[in-house]
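Raw contents of entry_18.txt, compact mmCIF, C-alpha atoms and all ligand atoms:
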# COMPACT_ATOMS: atom_id res chain seq x y z
CA MET C 1 -17.53 7.50 1.35
CA ASN C 2 -15.87 10.22 3.38
CA ARG C 3 -12.29 10.99 4.37
CA LYS C 4 -12.53 9.09 7.66
CA ASP C 5 -13.53 5.84 5.94
CA ILE C 6 -11.21 2.88 5.37
CA VAL C 7 -12.61 0.16 3.10
CA LEU C 8 -11.05 -3.31 3.48
CA ILE C 9 -11.54 -6.45 1.42
CA HIS C 10 -9.70 -9.79 1.65
CA GLY C 11 -9.22 -12.53 -0.93
CA THR C 12 -7.40 -13.56 -4.06
CA ASP C 13 -9.78 -12.48 -6.85
CA TYR C 14 -7.99 -9.13 -7.01
CA LYS C 15 -9.81 -7.66 -10.00
CA SER C 16 -13.25 -8.20 -8.57
CA MET C 17 -12.05 -7.04 -5.12
CA ALA C 18 -10.79 -3.78 -6.66
CA LYS C 19 -14.16 -3.20 -8.31
CA LYS C 20 -16.01 -3.83 -5.05
CA VAL C 21 -13.88 -1.27 -3.19
CA LEU C 22 -14.60 1.37 -5.88
CA GLU C 23 -18.31 0.51 -5.78
CA ARG C 24 -18.37 0.89 -1.99
CA GLY C 25 -16.51 4.18 -2.33
CA ASP C 26 -19.07 5.31 -4.95
CA VAL C 27 -16.19 6.61 -7.02
CA ALA C 28 -18.38 7.17 -10.10
CA ALA C 29 -20.54 9.69 -8.20
CA ASP C 30 -17.41 11.25 -6.72
CA ILE C 31 -15.98 11.85 -10.20
CA GLY C 32 -19.25 13.22 -11.61
CA ASP C 33 -19.40 14.19 -15.30
CA ARG C 34 -18.57 11.32 -17.65
CA ASP C 35 -16.24 13.47 -19.79
CA LYS C 36 -13.84 14.20 -16.91
CA LYS C 37 -10.19 13.22 -17.47
CA ILE C 38 -9.22 10.43 -15.07
CA GLY C 39 -5.62 9.53 -14.26
CA LEU C 40 -4.56 6.14 -12.85
CA LYS C 41 -1.21 6.26 -11.05
CA PRO C 42 0.11 2.78 -10.16
CA ASN C 43 3.51 1.99 -8.64
CA LEU C 44 5.91 0.83 -11.37
CA VAL C 45 9.01 1.89 -9.46
CA THR C 46 11.20 -0.75 -11.10
CA VAL C 47 11.22 -3.61 -13.61
CA LYS C 48 9.65 -6.36 -11.49
CA ASP C 49 6.69 -8.70 -11.52
CA PRO C 50 4.20 -7.58 -8.82
CA ALA C 51 4.62 -10.94 -7.04
CA GLU C 52 8.02 -9.66 -5.86
CA GLY C 53 6.40 -7.03 -3.65
CA ALA C 54 7.39 -3.80 -5.39
CA THR C 55 4.80 -2.96 -8.04
CA THR C 56 1.01 -2.70 -8.27
CA HIS C 57 -0.74 -5.88 -9.44
CA ARG C 58 -2.16 -5.57 -12.95
CA GLU C 59 -5.49 -7.02 -11.68
CA LEU C 60 -6.07 -3.81 -9.67
CA LEU C 61 -5.51 -1.74 -12.77
CA ALA C 62 -7.86 -3.99 -14.77
CA GLY C 63 -10.51 -3.78 -12.04
CA VAL C 64 -10.37 0.02 -11.91
CA ILE C 65 -10.56 0.40 -15.69
CA GLU C 66 -13.42 -2.10 -15.97
CA TYR C 67 -15.34 -0.33 -13.20
CA LEU C 68 -14.85 3.09 -14.81
CA GLN C 69 -15.77 1.91 -18.31
CA GLU C 70 -18.89 0.13 -17.02
CA GLN C 71 -19.86 3.45 -15.39
CA GLY C 72 -19.51 5.26 -18.74
CA PHE C 73 -16.11 6.94 -18.29
CA GLU C 74 -13.90 6.89 -21.38
CA ASN C 75 -11.28 9.57 -20.80
CA ILE C 76 -8.91 7.37 -18.77
CA THR C 77 -5.09 7.51 -18.85
CA VAL C 78 -2.59 5.32 -17.00
CA MET C 79 0.49 7.36 -16.08
CA GLU C 80 3.73 6.68 -14.23
CA SER C 81 7.47 7.22 -14.22
CA SER C 82 9.80 4.61 -12.70
CA TRP C 83 12.64 5.57 -10.39
CA VAL C 84 15.78 7.15 -11.77
CA GLY C 85 17.79 4.48 -13.59
CA ASP C 86 14.93 2.25 -14.80
CA ARG C 87 12.91 2.63 -17.98
CA THR C 88 9.19 3.01 -17.32
CA GLY C 89 8.31 1.15 -20.54
CA GLU C 90 10.18 -1.95 -19.34
CA ALA C 91 8.49 -1.79 -15.93
CA PHE C 92 5.14 -1.40 -17.73
CA ARG C 93 5.72 -4.66 -19.65
CA ALA C 94 7.23 -6.57 -16.70
CA ALA C 95 4.10 -5.87 -14.65
CA GLY C 96 1.83 -7.01 -17.51
CA TYR C 97 0.25 -3.58 -18.00
CA ASP C 98 0.77 -3.74 -21.77
CA ARG C 99 -1.85 -6.50 -21.95
CA VAL C 100 -4.27 -4.65 -19.66
CA CYS C 101 -4.02 -1.34 -21.57
CA SER C 102 -4.37 -3.13 -24.90
CA ARG C 103 -7.38 -5.15 -23.75
CA TYR C 104 -9.29 -2.11 -22.46
CA GLN C 105 -7.93 0.31 -25.09
CA VAL C 106 -6.58 2.71 -22.47
CA PRO C 107 -3.47 4.83 -23.21
CA PHE C 108 -0.33 4.74 -21.09
CA VAL C 109 1.84 7.85 -20.64
CA ASP C 110 5.49 7.53 -19.60
CA LEU C 111 5.87 10.65 -17.44
CA LYS C 112 9.66 10.58 -17.91
CA LYS C 113 8.92 11.86 -21.42
CA ASP C 114 6.34 14.44 -20.31
CA SER C 115 6.80 18.21 -20.02
CA TRP C 116 6.43 19.85 -16.59
CA LYS C 117 5.78 23.13 -14.80
CA GLU C 118 6.91 24.45 -11.46
CA TYR C 119 4.27 25.10 -8.79
CA ASP C 120 4.18 26.71 -5.39
CA ALA C 121 3.58 23.69 -3.14
CA HIS C 122 2.70 25.41 0.13
CA GLY C 123 5.89 27.46 0.26
CA MET C 124 8.16 25.05 -1.65
CA LYS C 125 8.73 25.15 -5.42
CA ILE C 126 8.05 21.72 -6.95
CA LYS C 127 7.94 20.55 -10.57
CA LEU C 128 4.94 18.50 -11.58
CA CYS C 129 4.45 16.64 -14.89
CA ASP C 130 1.86 18.27 -17.14
CA GLN C 131 -0.16 15.10 -17.76
CA ALA C 132 -0.58 14.55 -14.03
CA ALA C 133 -1.51 18.20 -13.53
CA SER C 134 -4.13 18.02 -16.29
CA VAL C 135 -6.38 15.32 -14.80
CA ASP C 136 -9.71 16.12 -13.14
CA TYR C 137 -9.60 13.04 -10.91
CA MET C 138 -6.59 10.93 -9.90
CA ILE C 139 -6.83 7.38 -8.62
CA ASN C 140 -3.62 6.57 -6.79
CA LEU C 141 -2.78 2.83 -6.79
CA PRO C 142 0.20 2.44 -4.42
CA VAL C 143 1.68 -0.71 -2.89
CA LEU C 144 1.78 -1.00 0.91
CA LYS C 145 5.42 -1.89 1.62
CA GLY C 146 8.55 -1.05 3.53
CA HIS C 147 11.18 1.44 2.47
CA CYS C 148 14.84 1.48 3.52
CA GLN C 149 14.98 5.29 3.94
CA THR C 150 11.46 6.38 4.86
CA THR C 151 10.46 3.19 6.80
CA VAL C 152 7.16 2.73 4.94
CA THR C 153 5.83 3.84 1.57
CA CYS C 154 2.28 4.03 0.22
CA ALA C 155 -0.02 6.84 -1.01
CA LEU C 156 2.01 9.97 -0.28
CA LYS C 157 5.33 8.69 -1.57
CA ASN C 158 3.78 7.04 -4.64
CA ASN C 159 3.28 10.56 -6.00
CA LYS C 160 7.02 10.79 -6.53
CA GLY C 161 6.15 9.14 -9.85
CA VAL C 162 4.41 12.29 -11.14
CA ILE C 163 7.51 14.50 -11.06
CA PRO C 164 10.42 14.63 -13.55
CA ASP C 165 13.62 12.66 -12.84
CA SER C 166 15.58 15.84 -12.08
CA GLU C 167 13.09 16.59 -9.31
CA LYS C 168 13.34 13.04 -7.93
CA ARG C 169 17.10 13.51 -7.59
CA ARG C 170 16.56 16.86 -5.84
CA PHE C 171 14.07 15.25 -3.44
CA HIS C 172 16.81 12.81 -2.34
CA THR C 173 19.26 15.62 -1.71
CA LEU C 174 16.58 17.25 0.48
CA GLY C 175 16.12 14.08 2.55
CA LEU C 176 12.77 13.03 0.96
CA HIS C 177 10.43 13.78 3.87
CA LYS C 178 9.83 17.51 3.45
CA PRO C 179 9.49 17.49 -0.37
CA ILE C 180 7.19 14.44 -0.32
CA ALA C 181 4.88 16.19 2.14
CA HIS C 182 4.84 19.40 0.07
CA LEU C 183 4.38 17.51 -3.21
CA ASN C 184 1.08 16.18 -1.90
CA THR C 185 -0.30 19.70 -1.58
CA ILE C 186 -0.25 19.94 -5.40
CA ALA C 187 -0.50 16.30 -6.61
CA ARG C 188 -4.07 14.97 -6.68
CA ASN C 189 -5.15 12.07 -4.45
CA ASP C 190 -8.87 11.83 -5.17
CA PHE C 191 -9.15 8.12 -4.38
CA ILE C 192 -6.50 5.72 -3.12
CA LEU C 193 -6.77 2.01 -3.92
CA VAL C 194 -4.01 0.24 -2.01
CA ASP C 195 -2.38 -2.96 -3.21
CA ASN C 196 -1.90 -4.78 0.11
CA ILE C 197 -1.50 -8.13 -1.64
CA CYS C 198 2.18 -8.90 -1.00
CA GLY C 199 4.16 -5.71 -0.34
CA ASP C 200 7.81 -5.97 0.59
CA LEU C 201 9.10 -6.26 4.15
CA ASP C 202 11.48 -3.30 3.94
CA PHE C 203 12.57 -2.41 0.40
CA GLU C 204 10.64 -0.48 -2.20
CA GLU C 205 12.25 -2.55 -4.96
CA GLY C 206 10.77 -5.78 -3.52
CA GLY C 207 12.45 -9.13 -2.95
CA ASN C 208 10.84 -10.18 0.36
CA PRO C 209 7.08 -10.08 -0.25
CA VAL C 210 4.77 -10.50 2.75
CA VAL C 211 1.47 -12.00 1.58
CA MET C 212 -1.61 -10.29 3.05
CA ASN C 213 -4.10 -10.67 0.17
CA ARG C 214 -5.96 -7.47 0.97
CA ILE C 215 -7.05 -4.38 -0.96
CA LEU C 216 -7.86 -1.09 0.79
CA GLY C 217 -9.71 2.08 -0.21
CA PHE C 218 -9.21 5.61 1.17
CA LYS C 219 -10.14 9.20 0.34
CA ASP C 220 -7.42 10.62 2.60
CA PRO C 221 -3.77 9.82 1.69
CA VAL C 222 -2.51 10.79 5.17
CA LEU C 223 -5.00 8.49 6.89
CA CYS C 224 -3.93 5.83 4.39
CA ASP C 225 -0.26 6.13 5.30
CA ALA C 226 -1.02 6.26 9.03
CA PHE C 227 -2.95 2.99 8.61
CA VAL C 228 0.01 1.55 6.70
CA CYS C 229 2.28 2.35 9.66
CA ASP C 230 -0.12 0.54 11.98
CA THR C 231 -0.22 -2.44 9.61
CA MET C 232 3.58 -2.68 9.55
CA GLY C 233 4.19 -2.28 13.28
CA TYR C 234 5.01 1.45 13.30
CA SER C 235 3.33 4.69 14.28
CA ALA C 236 2.82 7.70 11.99
CA LYS C 237 5.25 9.49 14.34
CA ASP C 238 8.02 7.21 12.99
CA VAL C 239 7.61 8.65 9.47
CA PRO C 240 8.24 12.42 9.34
CA TYR C 241 6.63 13.03 5.93
CA ILE C 242 3.28 11.72 7.16
CA LEU C 243 3.14 14.20 10.06
CA LEU C 244 4.43 17.01 7.83
CA ALA C 245 1.70 16.30 5.28
CA GLU C 246 -0.86 16.42 8.09
CA GLN C 247 0.50 19.81 9.23
CA LEU C 248 0.22 21.08 5.64
CA GLY C 249 -3.48 20.16 5.59
CA VAL C 250 -3.22 17.19 3.23
CA GLY C 251 -5.15 14.92 5.60
CA SER C 252 -5.41 13.42 9.07
CA THR C 253 -3.49 10.69 10.94
CA ASP C 254 -6.41 10.22 13.36
CA LEU C 255 -6.87 6.45 13.17
CA ALA C 256 -8.77 6.44 16.48
CA HIS C 257 -11.72 8.17 14.78
CA ALA C 258 -11.43 6.38 11.44
CA HIS C 259 -14.36 4.26 10.30
CA ARG C 260 -13.34 0.78 9.10
CA ILE C 261 -15.71 -0.77 6.54
CA TYR C 262 -15.11 -4.52 6.09
CA LEU C 263 -16.52 -5.84 2.81
CA ASN C 264 -15.78 -9.41 3.92
CA GLN C 265 -13.94 -11.28 6.63
CA PRO C 266 -10.42 -12.71 6.33
CA GLN C 267 -10.26 -16.41 5.46
CA PRO C 268 -7.60 -19.05 6.23
CA SER C 269 -4.88 -19.15 3.59
CA GLU C 270 -2.40 -21.65 2.21
CA ASN C 271 0.35 -19.08 1.84
CA PHE C 272 2.48 -20.01 4.82
CA HIS C 273 4.51 -22.90 3.49
CA PRO C 274 8.25 -22.13 3.63
CA SER C 275 8.54 -22.92 -0.09
CA VAL C 276 6.59 -19.73 -0.92
CA MET C 277 8.65 -17.50 1.42
CA THR C 278 12.02 -15.91 0.89
CA ARG C 279 14.76 -16.79 3.35
CA ARG C 280 14.34 -13.59 5.38
CA VAL C 281 10.62 -14.14 5.78
CA GLN C 282 11.25 -17.83 6.61
CA GLU C 283 13.59 -16.76 9.44
CA LEU C 284 10.82 -14.64 10.96
CA ALA C 285 8.20 -17.33 10.30
CA ALA C 286 10.28 -19.77 12.35
CA TYR C 287 8.95 -17.94 15.45
CA THR C 288 5.33 -18.70 14.51
CA ALA C 289 3.02 -21.70 14.66
CA PRO C 290 0.26 -21.02 12.09
CA LYS C 291 -2.80 -23.25 11.90
CA ASP C 292 -5.40 -22.10 9.34
CA ALA C 293 -4.24 -18.48 9.73
CA CYS C 294 -5.68 -15.69 7.57
CA SER C 295 -3.22 -13.83 5.31
CA ALA C 296 -3.85 -10.36 6.78
CA CYS C 297 -3.29 -11.69 10.31
CA TYR C 298 -0.18 -13.67 9.44
CA GLY C 299 1.34 -10.87 7.37
CA SER C 300 0.84 -8.47 10.30
CA LEU C 301 2.66 -10.94 12.57
CA ILE C 302 5.59 -11.17 10.13
CA TYR C 303 5.89 -7.36 10.10
CA ALA C 304 5.70 -7.32 13.92
CA LEU C 305 8.43 -9.97 14.21
CA ASP C 306 10.61 -7.98 11.84
CA ARG C 307 10.27 -4.97 14.13
CA LEU C 308 11.15 -7.04 17.19
CA ASN C 309 14.10 -8.52 15.31
CA ARG C 310 15.43 -5.03 14.59
CA SER C 311 15.41 -4.26 18.29
CA ALA C 312 17.22 -7.58 18.99
CA ARG C 313 14.24 -9.10 20.81
CA LEU C 314 14.15 -12.39 18.87
CA LYS C 315 16.20 -15.20 20.34
CA ASP C 316 16.32 -19.00 20.48
CA GLY C 317 14.04 -20.76 22.92
CA LEU C 318 11.03 -18.42 22.66
CA PRO C 319 7.72 -20.33 22.43
CA PRO C 320 6.24 -20.08 18.91
CA ILE C 321 3.41 -17.57 18.49
CA ALA C 322 0.15 -19.41 17.80
CA ILE C 323 -2.02 -17.84 15.09
CA GLY C 324 -5.01 -19.05 13.10
CA GLN C 325 -8.52 -20.42 13.19
CA GLY C 326 -7.17 -23.91 13.88
CA TYR C 327 -6.58 -22.81 17.50
CA GLN C 328 -10.20 -21.89 18.24
CA GLY C 329 -11.30 -23.49 21.50
CA THR C 330 -7.83 -24.87 22.29
CA THR C 331 -5.39 -23.82 25.01
CA GLY C 332 -1.71 -22.90 24.89
CA SER C 333 0.81 -20.36 26.11
CA ILE C 334 0.80 -17.37 23.75
CA GLY C 335 -1.09 -16.42 20.60
CA VAL C 336 -2.43 -13.48 18.60
CA GLY C 337 -6.01 -12.87 17.48
CA PRO C 338 -9.29 -14.01 19.10
CA CYS C 339 -8.76 -17.48 17.59
CA THR C 340 -6.30 -17.97 20.48
CA SER C 341 -8.54 -16.41 23.14
CA CYS C 342 -8.35 -19.55 25.35
CA PHE C 343 -4.54 -19.24 25.56
CA LYS C 344 -2.82 -18.00 28.72
CA LYS C 345 -1.77 -14.87 26.82
CA SER C 346 -3.73 -13.75 23.79
CA LEU C 347 -4.07 -10.50 21.86
CA PRO C 348 -7.62 -9.51 20.75
CA GLY C 349 -8.51 -7.92 17.40
CA CYS C 350 -9.46 -9.70 14.18
CA PRO C 351 -6.91 -9.27 12.78
CA PRO C 352 -4.91 -7.42 15.42
CA SER C 353 -2.76 -4.64 13.96
CA SER C 354 0.96 -5.21 13.66
CA ALA C 355 1.61 -2.23 15.97
CA ASP C 356 -0.55 -3.90 18.68
CA MET C 357 1.30 -7.18 18.11
CA VAL C 358 4.66 -5.44 18.63
CA ARG C 359 3.48 -3.98 21.96
CA PHE C 360 1.84 -7.24 23.08
CA LEU C 361 4.84 -9.43 22.24
CA ALA C 362 7.34 -6.98 23.73
CA GLU C 363 5.43 -7.13 27.04
CA ASN C 364 4.30 -10.76 27.17
CA TRP C 365 6.64 -13.01 25.18
S1 LIG L 401 -7.86 -13.65 14.49
FE1 LIG L 401 -8.28 -15.64 13.49
S2 LIG L 401 -10.06 -15.23 12.13
FE2 LIG L 401 -9.18 -13.22 12.73
S3 LIG L 401 -7.78 -12.72 11.09
FE3 LIG L 401 -6.59 -13.77 12.67
S4 LIG L 401 -6.57 -15.93 12.08
FE4 LIG L 401 -8.19 -14.94 10.91
Exercise: express the given structure as structure tokens:
Amino acid sequence: MNRKDIVLIHGTDYKSMAKKVLERGDVAADIGDRDKKIGLKPNLVTVKDPAEGATTHRELLAGVIEYLQEQGFENITVMESSWVGDRTGEAFRAAGYDRVCSRYQVPFVDLKKDSWKEYDAHGMKIKLCDQAASVDYMINLPVLKGHCQTTVTCALKNNKGVIPDSEKRRFHTLGLHKPIAHLNTIARNDFILVDNICGDLDFEEGGNPVVMNRILGFKDPVLCDAFVCDTMGYSAKDVPYILLAEQLGVGSTDLAHAHRIYLNQPQPSENFHPSVMTRRVQELAAYTAPKDACSACYGSLIYALDRLNRSARLKDGLPPIAIGQGYQGTTGSIGVGPCTSCFKKSLPGCPPSSADMVRFLAENW
């Protein structure tokens, strides 16, 4: 796997999906010697069950550990520090990681209790926790989700969990974007396994999960975050730290030349009943007419509708957006995805990206 590759897998058997992404990425060969120290950095920002859209699902962690142990790696450490104000140990238990670490006999390090050193991060002094600095290979396990200050958050910002709390506070006083970009010149991102299962609409602490049931693999954290923007209806240009990281040589935002590797195709999902949505997501879903829609497609549409809502483009009387395999071969006014290709207005792409949906709906709805 190279830095232009994006591996995508859909489904609900998250542990086995995580293993398949690592197998496709040939992570074992990428790591090399079996005695290397491997760090696993999930997102345990706060004390929440992953179903709320804030934290990394424990099944991803279990899948990564199982894959590594089956490949003969034993020097594995899970490490994280929650945001300022929450105890990492409580977040660790709330996400069910205690059971995973106990089952696979893998240690967990609370980086809030770790020592640190200051490094020159491409012209900016940044403190990095010693445990994170000591690994030979870091697997970053972020959640794809919205963020009230930085718009989106995924690989690059997840590394805020490998710095001491005093540094997190300083990052906020500096406006987040510049220090996050510089941090990623010293924090390792050897492989990124993205939890795109049900990340939040717009808050890093969760509360409005958008189900997409997808796991992604990247070698390049900048490409990862550019893809996240596309998935949520934005462009990398909307998120200054992504472009800054690119300028600092951390990676590339060039999605046009990225190579998407689909390990399976999306399947229709049962996740669109109002009873499984929060009120905010229900309000956006009221503009849709799903019929056997796939999670990744429907989640992209919800993110697109949220963007249109923010620019006051949603109003009563708009025809519902048709989406889903149930529309194949039928006619109608407007729909997204090739399943609605016989409609008067239809957006191609399977699934279409949320950014394309925003443009299409703004012009044609
Ligand atoms: S276009 Fe149809 S088949 Fe493709 S992801 Fe969307 S609903 Fe599924």
Site check for ligand LIG 401 (chain L): residues at most 12 Å away, all atoms listed in the file, as a VMD selection string: chain C and resid 10 212 to 214 264 to 269 289 to 301 321 to 329 335 to 341 346 to 354 357
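The smallest atom-to-atom distance between Gly32 in chain C and any of C:Leu193, C:Leu68, C:Ala362, C:Val78, using all atoms listed in the file, is found for C:Leu68.
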Å distance separating CA of Gln131 in chain C from CA of Asp114 in chain C, one decimal place: 7.0 Å
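Closest to Tyr104 in chain C among C:Asp86, C:Asp238, C:Glu74, C:Asp120 is C:Glu74, based on only C-alpha atoms.
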Top pick for closest residue to Asn158 in chain C, considering C:Cys129, C:Val143, C:Leu263, C:Leu174 and counting only C-alpha atoms: C:Val143
Who sits within 9 Å of range 251-260 of chain C, only C-alpha atoms, same chain under 2 positions skipped, as number ranges by chain: C: 3-8, 220-227, 236, 242-243, 245-249, 262
Could you write out that same residue set with C-alpha atoms as a PDB file, keeping the file's coordinate frame?
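The result, written out as result27.pdb:
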ATOM      1  CA  ARG C   3     -12.290  10.990   4.370  1.00  0.00           C
ATOM      2  CA  LYS C   4     -12.530   9.090   7.660  1.00  0.00           C
ATOM      3  CA  ASP C   5     -13.530   5.840   5.940  1.00  0.00           C
ATOM      4  CA  ILE C   6     -11.210   2.880   5.370  1.00  0.00           C
ATOM      5  CA  VAL C   7     -12.610   0.160   3.100  1.00  0.00           C
ATOM      6  CA  LEU C   8     -11.050  -3.310   3.480  1.00  0.00           C
ATOM      7  CA  ASP C 220      -7.420  10.620   2.600  1.00  0.00           C
ATOM      8  CA  PRO C 221      -3.770   9.820   1.690  1.00  0.00           C
ATOM      9  CA  VAL C 222      -2.510  10.790   5.170  1.00  0.00           C
ATOM     10  CA  LEU C 223      -5.000   8.490   6.890  1.00  0.00           C
ATOM     11  CA  CYS C 224      -3.930   5.830   4.390  1.00  0.00           C
ATOM     12  CA  ASP C 225      -0.260   6.130   5.300  1.00  0.00           C
ATOM     13  CA  ALA C 226      -1.020   6.260   9.030  1.00  0.00           C
ATOM     14  CA  PHE C 227      -2.950   2.990   8.610  1.00  0.00           C
ATOM     15  CA  ALA C 236       2.820   7.700  11.990  1.00  0.00           C
ATOM     16  CA  ILE C 242       3.280  11.720   7.160  1.00  0.00           C
ATOM     17  CA  LEU C 243       3.140  14.200  10.060  1.00  0.00           C
ATOM     18  CA  ALA C 245       1.700  16.300   5.280  1.00  0.00           C
ATOM     19  CA  GLU C 246      -0.860  16.420   8.090  1.00  0.00           C
ATOM     20  CA  GLN C 247       0.500  19.810   9.230  1.00  0.00           C
ATOM     21  CA  LEU C 248       0.220  21.080   5.640  1.00  0.00           C
ATOM     22  CA  GLY C 249      -3.480  20.160   5.590  1.00  0.00           C
ATOM     23  CA  TYR C 262     -15.110  -4.520   6.090  1.00  0.00           C
TER      24      TYR C 262
END
Atomic separation - CA of Ala304 in chain C relative to CA of Asp202 in chain C, Å: 12.2 Å
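The shortest atom-to-atom distance to Cys229 in chain C, with all atoms listed in the file taken into account, belongs to C:Cys154 out of C:Ile302, C:Cys154, C:Leu128, C:Ile38.
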Which of C:Phe343, C:Leu314, C:Glu66, C:His177 sits closest to Val239 in chain C [using all atoms listed in the file]: C:His177
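With all atoms listed in the file as the basis for measurement, C:Leu22 is the residue among C:Val135, C:Ala51, C:Val211, C:Leu22 that approaches Gly63 in chain C most closely.
If you look at CA of Leu284 in chain C and CA of Ser235 in chain C, they are 21.0 Å away from each other.
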Between range 34-73 of chain C and range 90-95 of chain C, at 7 Å or less, what are the per-residue closest atom pairs and their distances in Å? Count all atoms listed in the file, order by chain and rising residue number, and return it as a Markdown table.
| residue | atom | partner | partner_atom | distance |
| --- | --- | --- | --- | --- |
| C:Leu44 | CA | C:Ala91 | CA | 5.9 |
| C:Thr46 | CA | C:Ala91 | CA | 5.6 |
| C:Val47 | CA | C:Ala91 | CA | 4.0 |
| C:Lys48 | CA | C:Ala94 | CA | 5.7 |
| C:Asp49 | CA | C:Ala95 | CA | 5.0 |
| C:Pro50 | CA | C:Ala95 | CA | 6.1 |
| C:Arg58 | CA | C:Ala95 | CA | 6.5 |
Exercise: Arg313 in chain C partners within 12 Å, only C-alpha atoms, chain neighbours under 2 positions left out, as a list in words: Leu284, Tyr287, Ala304, Leu305, Asp306, Arg307, Leu308, Asn309, Arg310, Ser311, Lys315, Asp316, Gly317, Leu318, Val358, Arg359, Leu361, Ala362, Glu363, Asn364 and Trp365 of chain C
